[in-house]
>>> print(open('structure23.cif').read())   # mmCIF, C-alpha atoms
data_run
loop_
_atom_site.label_atom_id
_atom_site.label_comp_id
_atom_site.auth_asym_id
_atom_site.auth_seq_id
_atom_site.Cartn_x
_atom_site.Cartn_y
_atom_site.Cartn_z
CA MET I 425 0.00 0.00 0.00
CA LEU I 426 1.29 3.43 -0.98
CA LEU I 427 -0.94 6.43 -0.25
CA TYR I 428 -0.34 10.18 -0.26
CA VAL I 429 -2.19 13.49 -0.02
CA PRO I 430 -1.59 15.93 -2.93
CA GLY I 431 -0.13 19.29 -1.98
CA GLU I 432 -2.56 21.10 -4.29
CA ARG I 433 -6.35 20.81 -4.48
CA PRO I 434 -7.33 18.23 -7.14
CA PHE I 435 -9.63 19.60 -9.83
CA ASP I 436 -12.23 16.90 -9.13
CA LEU I 437 -12.30 17.33 -5.35
CA TYR I 438 -15.91 18.50 -5.40
CA ASP I 439 -17.10 16.08 -8.08
CA PRO I 440 -20.77 15.37 -7.25
CA GLU I 441 -20.12 11.61 -7.47
CA ARG I 442 -17.33 11.97 -4.86
CA ARG I 443 -15.37 8.96 -6.13
CA GLY I 444 -12.10 7.86 -4.65
CA ARG I 445 -8.88 7.76 -6.63
CA GLN I 446 -7.03 4.76 -5.22
CA LYS I 447 -5.81 2.15 -7.69
CA LEU I 448 -6.47 -1.45 -6.66
CA TYR I 449 -4.13 -4.30 -7.66
CA VAL I 450 -4.33 -8.00 -6.82
CA LYS I 451 -0.93 -9.70 -6.80
CA ARG I 452 0.38 -6.76 -8.86
CA VAL I 453 -2.35 -7.17 -11.47
CA TYR I 454 -4.39 -4.03 -12.09
CA ILE I 455 -8.08 -4.35 -11.13
CA ALA I 456 -9.60 -0.82 -10.96
CA ASP I 457 -8.79 2.79 -10.14
CA ASP I 458 -12.06 3.94 -8.57
CA VAL I 459 -12.89 1.23 -6.05
CA GLU I 460 -14.46 2.60 -2.86
CA ILE I 461 -11.59 1.62 -0.59
CA LEU I 462 -11.72 4.87 1.37
CA PRO I 463 -14.91 6.71 2.38
CA ALA I 464 -15.99 9.69 0.28
CA TYR I 465 -14.69 12.22 2.80
CA LEU I 466 -11.16 10.87 2.21
CA ARG I 467 -11.43 11.01 -1.58
CA PHE I 468 -8.51 13.44 -1.76
CA VAL I 469 -6.11 10.62 -0.78
CA ARG I 470 -4.31 9.16 -3.80
CA GLY I 471 -2.25 6.01 -4.13
CA VAL I 472 -2.03 2.30 -4.82
CA ILE I 473 -3.29 -0.69 -2.82
CA ASP I 474 -2.04 -4.18 -3.72
CA SER I 475 -3.73 -7.22 -2.15
CA GLU I 476 -2.38 -10.75 -2.01
CA ASP I 477 -5.63 -12.22 -0.62
CA MET I 478 -8.28 -11.51 -3.26
CA PRO I 479 -8.80 -13.68 -6.36
CA LEU I 480 -7.59 -12.28 -9.67
CA ASN I 481 -10.95 -12.84 -11.34
CA ILE I 482 -12.89 -10.70 -8.87
CA SER I 483 -15.47 -8.50 -10.59
CA ARG I 484 -16.38 -4.89 -9.83
CA GLU I 485 -19.75 -6.09 -8.48
CA MET I 486 -18.07 -8.56 -6.12
CA LEU I 487 -15.76 -5.84 -4.86
CA GLN I 488 -18.68 -4.03 -3.22
CA ASN I 489 -19.58 -7.00 -1.00
CA ASN I 490 -16.30 -8.89 -0.74
CA PRO I 491 -15.31 -9.49 2.94
CA GLN I 492 -11.61 -9.05 2.15
CA VAL I 493 -12.34 -5.68 0.57
CA ALA I 494 -14.38 -4.71 3.65
CA ALA I 495 -11.43 -5.62 5.89
CA ILE I 496 -9.02 -3.69 3.67
CA ARG I 497 -11.39 -0.72 3.64
CA LYS I 498 -11.56 -0.62 7.45
CA ALA I 499 -7.81 -1.06 7.94
CA VAL I 500 -6.82 1.51 5.32
CA THR I 501 -9.31 4.11 6.58
CA ASN I 502 -8.11 3.77 10.17
CA LYS I 503 -4.51 3.97 9.01
CA VAL I 504 -5.11 7.18 7.04
CA LEU I 505 -6.88 8.82 9.97
CA ALA I 506 -4.08 7.75 12.30
CA GLU I 507 -1.46 9.26 9.99
CA LEU I 508 -3.41 12.52 9.75
CA LYS I 509 -3.60 12.62 13.56
CA LYS I 510 0.15 12.02 13.74
CA LEU I 511 0.80 14.91 11.34
CA ALA I 512 -1.52 17.20 13.34
CA ASP I 513 0.33 16.37 16.56
CA THR I 514 3.87 16.64 15.20
CA ASP I 515 3.72 19.40 12.56
CA ALA I 516 0.94 21.91 13.21
CA ALA I 517 1.99 24.18 10.33
CA ALA I 518 1.92 21.38 7.74
CA TYR I 519 -1.40 20.16 9.05
CA ALA I 520 -2.86 23.70 8.92
CA LYS I 521 -1.94 23.86 5.23
CA LEU I 522 -3.56 20.48 4.60
CA TRP I 523 -6.65 21.56 6.53
CA ASP I 524 -6.95 24.75 4.50
CA ILE I 525 -7.20 22.65 1.33
CA TYR I 526 -9.15 19.61 2.48
CA GLY I 527 -10.87 20.64 5.71
CA PRO I 528 -14.36 21.13 4.19
CA VAL I 529 -14.19 17.64 2.66
CA LEU I 530 -12.85 15.95 5.79
CA LYS I 531 -15.69 17.49 7.82
CA GLU I 532 -18.17 15.55 5.68
CA GLY I 533 -17.14 12.55 7.78
CA LEU I 534 -18.60 14.15 10.90
CA TYR I 535 -21.99 13.86 9.21
CA GLU I 536 -21.51 10.54 7.40
CA ASP I 537 -19.23 8.35 9.53
CA MET I 538 -20.70 7.98 13.02
CA GLU I 539 -18.38 5.05 13.75
CA ARG I 540 -15.27 7.21 13.43
CA ARG I 541 -16.68 10.51 14.66
CA ASP I 542 -14.46 10.51 17.77
CA GLN I 543 -11.38 10.03 15.57
CA LEU I 544 -12.51 12.86 13.32
CA TYR I 545 -13.13 15.13 16.31
CA GLU I 546 -9.39 14.93 16.95
CA LEU I 547 -8.63 16.02 13.39
CA VAL I 548 -11.04 18.89 12.74
CA ARG I 549 -9.92 22.49 13.11
CA PHE I 550 -12.06 25.63 13.24
CA LYS I 551 -11.68 29.35 12.84
CA SER I 552 -12.96 31.15 15.89
CA THR I 553 -13.47 34.56 17.44
CA LYS I 554 -10.00 34.20 18.95
CA GLY I 555 -8.45 34.22 15.46
CA GLU I 556 -6.30 31.18 14.74
CA LEU I 557 -7.36 27.63 13.94
CA VAL I 558 -8.46 25.83 17.08
CA SER I 559 -9.00 22.15 17.82
CA LEU I 560 -11.87 20.93 19.95
CA LYS I 561 -9.35 19.82 22.56
CA ASP I 562 -7.90 23.33 22.77
CA TYR I 563 -11.38 24.85 22.85
CA ILE I 564 -12.36 22.70 25.83
CA ALA I 565 -9.13 23.66 27.59
CA GLY I 566 -10.12 27.33 27.31
CA LEU I 567 -13.66 27.07 28.69
CA LYS I 568 -14.71 29.87 31.01
CA GLU I 569 -16.00 29.26 34.51
CA ASN I 570 -19.63 28.07 34.36
CA GLN I 571 -19.48 27.64 30.57
CA THR I 572 -21.69 24.67 29.75
CA ALA I 573 -21.46 24.36 25.94
CA ILE I 574 -19.26 24.61 22.87
CA TYR I 575 -20.61 27.73 21.16
CA TYR I 576 -20.65 28.10 17.39
CA LEU I 577 -21.97 30.43 14.72
CA THR I 578 -22.85 29.25 11.21
CA ALA I 579 -22.66 31.75 8.36
CA GLU I 580 -22.25 31.82 4.60
CA ASP I 581 -18.77 33.36 4.80
CA ALA I 582 -16.18 34.45 7.35
CA ALA I 583 -16.84 38.18 6.95
CA LYS I 584 -20.53 37.79 7.81
CA ALA I 585 -19.69 35.53 10.71
CA LYS I 586 -17.25 37.97 12.31
CA ALA I 587 -19.65 40.91 11.87
CA SER I 588 -22.62 39.15 13.46
CA PRO I 589 -24.09 41.07 16.43
CA GLN I 590 -24.92 37.76 18.14
CA LEU I 591 -21.25 37.51 19.08
CA GLU I 592 -21.26 40.66 21.21
CA GLY I 593 -22.31 39.07 24.49
CA TYR I 594 -19.80 36.26 24.06
CA ARG I 595 -16.97 38.67 23.28
CA ALA I 596 -17.86 40.72 26.35
CA ARG I 597 -17.36 37.56 28.42
CA ASP I 598 -14.25 36.48 26.48
CA VAL I 599 -16.07 33.28 25.48
CA GLU I 600 -14.65 31.73 22.33
CA VAL I 601 -17.11 30.98 19.52
CA LEU I 602 -16.37 28.65 16.61
CA LEU I 603 -17.08 30.22 13.21
CA LEU I 604 -18.54 27.58 10.89
CA THR I 605 -18.68 28.81 7.29
CA ASP I 606 -18.66 25.63 5.18
CA PRO I 607 -22.06 24.36 3.92
CA VAL I 608 -21.53 20.95 5.55
CA ASP I 609 -21.18 22.61 8.98
CA SER I 610 -24.90 23.30 9.20
CA PHE I 611 -25.59 19.58 8.77
CA TRP I 612 -23.03 17.77 10.92
CA VAL I 613 -23.45 20.04 13.91
CA ARG I 614 -27.16 19.16 14.11
CA THR I 615 -26.33 15.49 14.63
CA ALA I 616 -23.31 16.03 16.89
CA LEU I 617 -24.00 15.00 20.47
CA GLY I 618 -21.08 16.97 21.82
CA TYR I 619 -17.42 16.62 22.75
CA GLU I 620 -15.97 15.81 26.16
CA GLY I 621 -19.42 16.08 27.68
CA LYS I 622 -20.08 19.57 26.29
CA PRO I 623 -22.92 19.95 23.74
CA PHE I 624 -22.62 22.13 20.64
CA LYS I 625 -24.85 25.21 20.89
CA SER I 626 -25.59 27.82 18.23
CA VAL I 627 -25.30 31.45 19.33
CA THR I 628 -28.04 32.37 16.84
CA GLN I 629 -30.57 29.79 17.94
CA GLY I 630 -32.76 29.75 21.02
CA SER I 631 -31.97 31.82 24.08
CA ALA I 632 -28.44 32.78 25.09
CA ASP I 633 -27.42 31.00 28.32
CA LEU I 634 -24.89 33.60 29.42
CA ASP I 635 -26.31 34.52 32.81
CA LEU I 636 -23.78 32.43 34.73
CA ILE I 637 -20.73 33.87 32.94
CA ALA I 638 -19.54 37.25 34.19
CA ALA I 639 -19.01 40.10 31.72
CA LYS I 640 -16.69 43.04 32.20
CA GLY I 641 -18.39 46.44 32.15
CA GLU I 642 -21.80 45.00 31.39
CA ALA I 643 -24.54 47.62 31.63
CA LYS I 644 -27.33 46.66 34.00
CA SER I 645 -30.98 47.51 33.68
CA ASP I 646 -33.27 48.09 36.67
CA ALA I 647 -36.81 46.86 37.18
CA ALA I 648 -38.31 50.03 35.68
CA ASP I 649 -36.19 49.67 32.55
CA ASP I 650 -37.17 46.00 32.25
CA ALA I 651 -40.84 46.86 32.54
CA ALA I 652 -40.56 49.65 29.96
CA THR I 653 -38.74 47.32 27.54
CA ALA I 654 -41.39 44.64 28.02
CA VAL I 655 -44.06 47.16 26.98
CA LEU I 656 -41.93 48.18 23.98
CA ASN I 657 -41.46 44.54 22.98
CA ALA I 658 -45.23 44.05 22.96
CA ALA I 659 -45.66 47.18 20.82
CA LEU I 660 -42.99 46.02 18.36
CA LYS I 661 -44.60 42.58 18.08
CA GLN I 662 -47.97 44.18 17.43
CA ALA I 663 -46.49 46.39 14.68
CA LEU I 664 -44.52 43.59 13.01
CA GLY I 665 -47.23 40.95 13.14
CA GLU I 666 -46.35 37.78 11.24
CA ARG I 667 -43.01 39.19 10.09
CA VAL I 668 -41.58 37.93 13.38
CA LYS I 669 -42.30 34.95 15.59
CA ASP I 670 -41.63 36.97 18.73
CA VAL I 671 -39.91 40.06 20.13
CA ARG I 672 -37.87 39.71 23.31
CA SER I 673 -35.09 41.32 25.30
CA SER I 674 -31.61 40.05 24.47
CA LYS I 675 -28.85 38.62 26.63
CA ARG I 676 -26.45 38.33 23.71
CA LEU I 677 -26.33 41.99 22.61
CA THR I 678 -24.04 44.55 24.20
CA GLU I 679 -23.49 47.12 21.43
CA SER I 680 -26.11 46.68 18.68
CA ALA I 681 -29.74 47.67 19.15
CA VAL I 682 -31.28 44.54 17.61
CA CYS I 683 -30.57 41.16 16.05
CA ILE I 684 -32.57 38.27 14.63
CA VAL I 685 -32.38 34.69 15.87
CA ASN I 686 -34.24 31.46 15.21
CA ASP I 687 -36.09 29.40 17.74
CA SER I 688 -34.66 26.10 18.96
CA MET I 689 -35.92 24.04 16.01
CA MET I 690 -33.39 24.82 13.24
CA ASP I 691 -30.36 27.01 12.68
CA ARG I 692 -31.14 29.91 10.31
CA THR I 693 -28.20 29.21 7.99
CA LEU I 694 -29.33 25.60 7.51
CA GLU I 695 -32.90 26.76 6.97
CA LYS I 696 -31.76 29.09 4.18
CA LEU I 697 -29.66 26.34 2.57
CA LEU I 698 -32.53 23.85 2.57
CA SER I 699 -35.04 26.42 1.30
CA ARG I 700 -32.98 26.78 -1.90
CA GLN I 701 -33.35 23.10 -2.74
CA LYS I 702 -36.22 22.09 -4.97
CA ASP I 703 -38.96 20.01 -3.35
CA SER I 704 -37.41 20.39 0.12
CA GLY I 705 -40.69 21.70 1.47
CA ILE I 706 -38.76 24.06 3.75
CA SER I 707 -39.06 27.83 3.71
CA VAL I 708 -37.28 30.43 5.80
CA SER I 709 -39.36 30.96 8.91
CA ALA I 710 -40.16 34.24 10.62
CA PRO I 711 -37.29 35.11 12.97
CA ILE I 712 -37.32 36.22 16.58
CA LEU I 713 -36.35 39.87 16.97
CA GLU I 714 -34.15 40.49 19.99
CA VAL I 715 -33.69 44.02 21.34
CA ASN I 716 -30.91 45.34 23.56
CA PRO I 717 -32.56 46.94 26.63
CA THR I 718 -29.44 48.98 27.42
CA HIS I 719 -29.09 50.56 23.97
CA PRO I 720 -29.94 54.31 23.81
CA LEU I 721 -32.27 53.79 20.82
CA ILE I 722 -34.26 51.08 22.57
CA LYS I 723 -34.51 53.21 25.73
CA ALA I 724 -35.75 56.15 23.66
CA LEU I 725 -38.37 54.00 21.92
CA ALA I 726 -39.51 52.56 25.24
CA ALA I 727 -40.00 56.09 26.57
CA LEU I 728 -41.87 57.04 23.39
CA VAL I 729 -44.32 54.15 23.85
CA GLN I 730 -44.95 55.19 27.45
CA ALA I 731 -45.59 58.78 26.38
CA LYS I 732 -47.56 58.33 23.14
CA GLY I 733 -48.70 54.71 22.96
CA ALA I 734 -47.83 51.62 20.93
CA ALA I 735 -48.73 53.10 17.54
CA SER I 736 -45.94 55.67 17.87
CA VAL I 737 -43.28 53.03 17.09
CA ASP I 738 -44.92 51.34 14.07
CA ASP I 739 -42.41 52.72 11.55
CA ALA I 740 -39.51 52.24 13.95
CA ALA I 741 -40.46 48.58 14.36
CA GLN I 742 -40.23 47.94 10.63
CA LEU I 743 -36.91 49.79 10.41
CA LEU I 744 -35.45 47.86 13.35
CA LEU I 745 -36.32 44.52 11.77
CA ASP I 746 -34.95 45.58 8.38
CA GLN I 747 -31.80 46.77 10.11
CA ALA I 748 -31.44 43.38 11.76
CA PHE I 749 -31.73 41.67 8.35
CA ILE I 750 -29.06 43.97 6.89
CA ILE I 751 -26.64 43.32 9.76
CA GLU I 752 -26.97 39.59 9.09
CA GLY I 753 -26.18 40.11 5.40
CA GLU I 754 -29.71 39.19 4.36
CA GLN I 755 -31.80 40.98 1.79
CA VAL I 756 -34.44 43.38 3.10
CA PRO I 757 -37.81 41.83 2.13
CA ASP I 758 -39.24 45.13 0.85
CA PRO I 759 -36.43 47.56 -0.15
CA ALA I 760 -38.85 50.22 -1.43
CA ASN I 761 -40.75 50.49 1.86
CA PHE I 762 -37.49 50.39 3.79
CA ALA I 763 -36.14 53.32 1.78
CA LYS I 764 -39.39 55.29 2.19
CA ARG I 765 -39.53 54.78 5.95
CA LEU I 766 -35.87 55.70 6.33
CA ALA I 767 -36.38 58.88 4.28
CA ASP I 768 -39.43 59.83 6.38
CA VAL I 769 -37.52 59.35 9.63
CA MET I 770 -34.57 61.41 8.35
CA ALA I 771 -36.95 64.17 7.16
CA LYS I 772 -38.53 64.38 10.61
CA ALA I 773 -35.12 64.42 12.28
CA PHE I 774 -33.62 67.13 10.08
CA GLY I 775 -36.76 69.06 9.18
#
>>> encode(input="structure23.cif", output="structure tokens")
Amino acid sequence: MLLYVPGERPFDLYDPERRGRQKLYVKRVYIADDVEILPAYLRFVRGVIDSEDMPLNISREMLQNNPQVAAIRKAVTNKVLAELKKLADTDAAAYAKLWDIYGPVLKEGLYEDMERRDQLYELVRFKSTKGELVSLKDYIAGLKENQTAIYYLTAEDAAKAKASPQLEGYRARDVEVLLLTDPVDSFWVRTALGYEGKPFKSVTQGSADLDLIAAKGEAKSDAADDAATAVLNAALKQALGERVKDVRSSKRLTESAVCIVNDSMMDRTLEKLLSRQKDSGISVSAPILEVNPTHPLIKALAALVQAKGAASVDDAAQLLLDQAFIIEGEQVPDPANFAKRLADVMAKAFG
């Protein structure tokens, strides 16, 4: 057996058929060059495998169910993963280069190969809010006191991920968040039970469980502020109607006025990916609008509702939601109305 990983990305790496490129010989007699010896997520591995145990007259059909091929497949796969782990442990720079080229493909195994998921957990690397590539082992070593989960953010690209307002509360607490920007990330993380006893938790999904982690310089709101914000939230929900599933105060925002999140059923990035597929039957659901009770704009709107009633923030509600879409890099559902409302607000402010 002679296997190697090319130093450059093969042109057929993302071939929809995801075939392997290992040549199979039996007693030095060529049999085939696309036998599924390695799983699809290791299709970037090239090389030659020569067996002394299989019969020379073995057919392609028999190869799929041959017990010797199954044994070879298991042994070769484990050997490749072991060698990748060895490289990761002994030469971090070389492994980082390999990961940059083949990481998105290798992560397919987290979704497809449950049997070897623990081995793959040792190999995967992630960009994070702390900058450099991080392993799950290193992430766990850096957990903050009372941190109960491995936090992640899925996004369509790194720029959108880093700019997301949902990260503000985690940054304020110096909690590291994994930035998952490959399409496969939205799938494997839904089936991942966790690592070292810590579950994976999206920072854009459900409520933020940050109450037990202290934040430096966090602004506090008193009971009166909380009550005023609750009234504002009800007014915003009334104005937005079915455009949002709910409006609530946020624990994850420290600088921005608003953000959008999904409920606990499905990550928004995955929802958008699935909605683009024909016959998926999935559409992008109405988001939850979260507001920052300590932001000057939210305080001003809360005071406006108390003084003039819920109807006084109808236009502001639409603008806040559209702003939240823009921050997330999403298209505003109705650009014409957004522009009109923005112009009206500016006219009142400067008139």
>>> atom_distance(input="structure23.cif", atom1="CA of Val459 (chain I)", atom2="CA of Thr501 (chain I)")
13.4 Å
>>> resolve_selection(input="structure23.cif", expression="the PyMOL selection byres ((chain I and resi 531) around 8)", output="list in words")
Tyr465, Gly527, Pro528, Val529, Leu530, Glu532, Gly533, Leu534, Tyr535, Leu544, Val548, Val608, Asp609 and Trp612 of chain I
>>> closest_residue(input="structure23.cif", among="I:Lys696, I:Lys622, I:Arg549, I:Lys561", to="Pro607 (chain I)", atoms="all atoms listed in the file")
I:Lys696
>>> resolve_selection(input="structure23.cif", expression="the PyMOL selection byres ((chain I and resi 472) around 9)", output="compact mmCIF listing (two decimals) with C-alpha atoms, in the frame of the given file")
# COMPACT_ATOMS: atom_id res chain seq x y z
CA MET I 425 0.00 0.00 0.00
CA LEU I 426 1.29 3.43 -0.98
CA LEU I 427 -0.94 6.43 -0.25
CA ARG I 445 -8.88 7.76 -6.63
CA GLN I 446 -7.03 4.76 -5.22
CA LYS I 447 -5.81 2.15 -7.69
CA LEU I 448 -6.47 -1.45 -6.66
CA TYR I 449 -4.13 -4.30 -7.66
CA ASP I 457 -8.79 2.79 -10.14
CA ARG I 470 -4.31 9.16 -3.80
CA GLY I 471 -2.25 6.01 -4.13
CA ILE I 473 -3.29 -0.69 -2.82
CA ASP I 474 -2.04 -4.18 -3.72
>>> closest_residue(input="structure23.cif", among="I:Ile525, I:Ile461, I:Ala456, I:Leu698", to="Phe611 (chain I)", atoms="only C-alpha atoms")
I:Leu698
